[in-house]
Amino acid sequence: SVVSIGERAFSKCSSLTKIMFPNSVTNIGNEAFAECSALTEVILSNSLTEIGECAFSKCSNLTEVIIPNSVTKIGEYAFSECSSLKEAVLPNTITKLENGLFWGCPLSEIVIPGTVTEIGEYAFQKCSNLTEVIIPDSVTAIGECAFSVCDKLEKIKFSNKITEIELGMLWMNGKLTEVIIPNSVTSIGQSAFEECSSLTEIIIPNSVTEIGEE
């Protein structure tokens with residue numbers, strides 16, 4: 001039985017429309033299905049534990065992905081530039097959302113599991129249809145530009161455990177009207193709120209001792 005799909009095994013198979021993995025598969029390699037432009041449906045194995053870097057990157061017709069709770073690691077940019085991806089269900093078994101995970105995906109909403117402790121750089125950058133984000137209190141760190149250039153994002157609620165709002169965190173979110181900065185934050189990075197042209201009010205807690213430029 002097949003247990004692993006190798007790196008770039010089906011990359012650029014431009015006529016592939018559907019993938020159904022047998023339950024024997026536990027690992028999908030880096031770029032295994034990258035740039036499969038006709039792919040519309042993916043049914044993942046309930047035995048799957050790891051999805052590699054850029055595994056489904058640039059699958060431009062993929063609209064939905066449900067990641068089973070058997071998965072403990074999803075690689076960087078795994079679903080980046082899936083330009084039709086509107087729904088993604090994350091498992092409650094992962095602790096980190098890696099760098100660029102959903103970069104450039106038109107997700108309409110995202111539920112971040114309470115098991116997640118870290119959100120990587122650019123994880124949700126250019127998610128053009130997100131309107132609201134609630135970050136659970138399990139999250140202690142969020143990387144640079146994680147939610148930047150989200151054109152429709154109006155509201156974000158941060159975890160009460162983060163200590164730093166990193167560089168460019170909410171850069172160029174023109175419809176953002178509400179930001180709640182928790183009392184745990186001590187530092188706000190450069191360009192964190194740059195070009196948030198609809199932001200009318202922001203309350204900076206007394207805990208903040210440093211604010212970057214711009």
# chains A, B, ... in the order shown; residues from 1 in each chain; ligands from 1
call {"tool": "residues_around", "arguments": {"residues": "region 84-91 of chain A", "least_positions_apart": "2", "cutoff": "6 Å", "atoms": "only C-alpha atoms", "output": "ChimeraX atom specification"}}
result
/A:60-69,82,93,105-108
call {"tool": "write_last_selection", "arguments": {"atoms": "N, CA, C and O atoms", "output": "mmCIF file, in the first residue's frame"}}
result
data_model
loop_
_atom_site.group_PDB
_atom_site.id
_atom_site.type_symbol
_atom_site.label_atom_id
_atom_site.label_comp_id
_atom_site.auth_asym_id
_atom_site.auth_seq_id
_atom_site.Cartn_x
_atom_site.Cartn_y
_atom_site.Cartn_z
ATOM 1 N N SER A 60 -5.450 26.450 -8.753
ATOM 2 C CA SER A 60 -6.275 27.650 -8.919
ATOM 3 C C SER A 60 -7.780 27.392 -8.974
ATOM 4 O O SER A 60 -8.566 28.333 -8.871
ATOM 5 N N ASN A 61 -8.211 26.135 -9.102
ATOM 6 C CA ASN A 61 -9.645 25.833 -9.112
ATOM 7 C C ASN A 61 -10.133 25.078 -7.880
ATOM 8 O O ASN A 61 -11.305 24.727 -7.790
ATOM 9 N N LEU A 62 -9.242 24.872 -6.925
ATOM 10 C CA LEU A 62 -9.623 24.213 -5.669
ATOM 11 C C LEU A 62 -10.436 25.189 -4.820
ATOM 12 O O LEU A 62 -9.983 26.291 -4.535
ATOM 13 N N THR A 63 -11.658 24.795 -4.432
ATOM 14 C CA THR A 63 -12.553 25.712 -3.714
ATOM 15 C C THR A 63 -12.678 25.405 -2.227
ATOM 16 O O THR A 63 -13.046 26.278 -1.441
ATOM 17 N N GLU A 64 -12.365 24.166 -1.844
ATOM 18 C CA GLU A 64 -12.587 23.749 -0.455
ATOM 19 C C GLU A 64 -11.567 22.688 -0.061
ATOM 20 O O GLU A 64 -11.192 21.841 -0.868
ATOM 21 N N VAL A 65 -11.144 22.746 1.185
ATOM 22 C CA VAL A 65 -10.291 21.671 1.699
ATOM 23 C C VAL A 65 -10.648 21.416 3.162
ATOM 24 O O VAL A 65 -10.800 22.342 3.956
ATOM 25 N N ILE A 66 -10.824 20.143 3.480
ATOM 26 C CA ILE A 66 -11.093 19.722 4.861
ATOM 27 C C ILE A 66 -9.915 18.866 5.304
ATOM 28 O O ILE A 66 -9.660 17.795 4.740
ATOM 29 N N ILE A 67 -9.193 19.367 6.296
ATOM 30 C CA ILE A 67 -7.975 18.690 6.747
ATOM 31 C C ILE A 67 -8.318 17.860 7.983
ATOM 32 O O ILE A 67 -8.796 18.396 8.988
ATOM 33 N N PRO A 68 -8.115 16.537 7.925
ATOM 34 C CA PRO A 68 -8.539 15.668 9.032
ATOM 35 C C PRO A 68 -7.724 15.887 10.312
ATOM 36 O O PRO A 68 -6.598 16.400 10.276
ATOM 37 N N ASN A 69 -8.314 15.468 11.421
ATOM 38 C CA ASN A 69 -7.680 15.659 12.727
ATOM 39 C C ASN A 69 -6.457 14.778 12.954
ATOM 40 O O ASN A 69 -5.775 14.918 13.968
ATOM 41 N N CYS A 82 -3.965 29.490 -3.987
ATOM 42 C CA CYS A 82 -5.124 28.736 -4.458
ATOM 43 C C CYS A 82 -6.227 29.779 -4.632
ATOM 44 O O CYS A 82 -6.991 30.062 -3.705
ATOM 45 N N THR A 93 -5.499 19.503 15.833
ATOM 46 C CA THR A 93 -4.310 18.745 16.241
ATOM 47 C C THR A 93 -3.016 19.493 15.914
ATOM 48 O O THR A 93 -1.939 19.015 16.254
ATOM 49 N N CYS A 105 -5.244 33.426 -0.791
ATOM 50 C CA CYS A 105 -6.471 32.635 -0.942
ATOM 51 C C CYS A 105 -7.689 33.486 -0.569
ATOM 52 O O CYS A 105 -7.659 34.175 0.447
ATOM 53 N N PRO A 106 -8.782 33.422 -1.349
ATOM 54 C CA PRO A 106 -9.962 34.237 -1.049
ATOM 55 C C PRO A 106 -10.875 33.611 0.010
ATOM 56 O O PRO A 106 -12.096 33.489 -0.177
ATOM 57 N N LEU A 107 -10.303 33.186 1.132
ATOM 58 C CA LEU A 107 -11.084 32.564 2.204
ATOM 59 C C LEU A 107 -12.158 33.528 2.695
ATOM 60 O O LEU A 107 -11.880 34.696 2.957
ATOM 61 N N SER A 108 -13.394 33.012 2.858
ATOM 62 C CA SER A 108 -14.462 33.866 3.362
ATOM 63 C C SER A 108 -14.483 33.901 4.886
ATOM 64 O O SER A 108 -14.955 34.864 5.496
#
call {"tool": "closest_atom_pairs", "arguments": {"of": "region 62-125 of chain A", "to": "region 165-169 of chain A", "cutoff": "12 Å", "atoms": "only C-alpha atoms", "output": "CSV"}}
result
residue,atom,partner,partner_atom,distance
A:Ile119,CA,A:Met169,CA,11.3
A:Gly120,CA,A:Glu166,CA,10.8
A:Glu121,CA,A:Met169,CA,8.8
A:Tyr122,CA,A:Met169,CA,8.7
A:Ala123,CA,A:Met169,CA,10.6
A:Phe124,CA,A:Met169,CA,10.2
A:Gln125,CA,A:Met169,CA,9.1
call {"tool": "residues_around", "arguments": {"residues": "region 160-164 of chain A", "least_positions_apart": "3", "cutoff": "7 Å", "atoms": "only C-alpha atoms", "output": "PyMOL selection string"}}
result
chain A and resi 137+139-141+182+184-188
call {"tool": "select_by_dssp", "arguments": {"residues": "chain A", "states": "strand (DSSP E)", "output": "PyMOL selection string"}}
result
chain A and resi 4-5+18-20+27-28+41-43+50-51+64-66+73-74+87-89+96-97+118-119+132-134+141-142+155-157+164-165+178-180+187-188+210-211
call {"tool": "closest_residue", "arguments": {"among": "A:Ile135, A:Ile203, A:Leu101, A:Leu153", "to": "Gly114 (chain A)", "atoms": "only C-alpha atoms"}}
result
A:Ile135
call {"tool": "residues_around", "arguments": {"residues": "Lys155 (chain A)", "least_positions_apart": "4", "cutoff": "8 Å", "atoms": "only C-alpha atoms", "output": "list in words"}}
result
Thr131, Glu132, Val133, Leu176, Thr177, Glu178 and Val179 of chain A
call {"tool": "residues_around", "arguments": {"residues": "Gly29 (chain A)", "least_positions_apart": "2", "cutoff": "12 Å", "atoms": "only C-alpha atoms", "output": "NGL selection string"}}
result
:A and (3-11 or 25-27 or 31-34 or 48-56 or 73-76 or 78)
call {"tool": "residues_around", "arguments": {"residues": "Pro22 (chain A)", "least_positions_apart": "3", "cutoff": "9 Å", "atoms": "only C-alpha atoms", "output": "PyMOL selection string"}}
result
chain A and resi 1-3+25+44-47
call {"tool": "closest_residue", "arguments": {"among": "A:Val116, A:Cys127, A:Cys13, A:Val42", "to": "Leu97 (chain A)", "atoms": "only C-alpha atoms"}}
result
A:Val116
call {"tool": "atom_distance", "arguments": {"atom1": "CA of Ser15 (chain A)", "atom2": "CA of Cys59 (chain A)"}}
result
11.4 Å
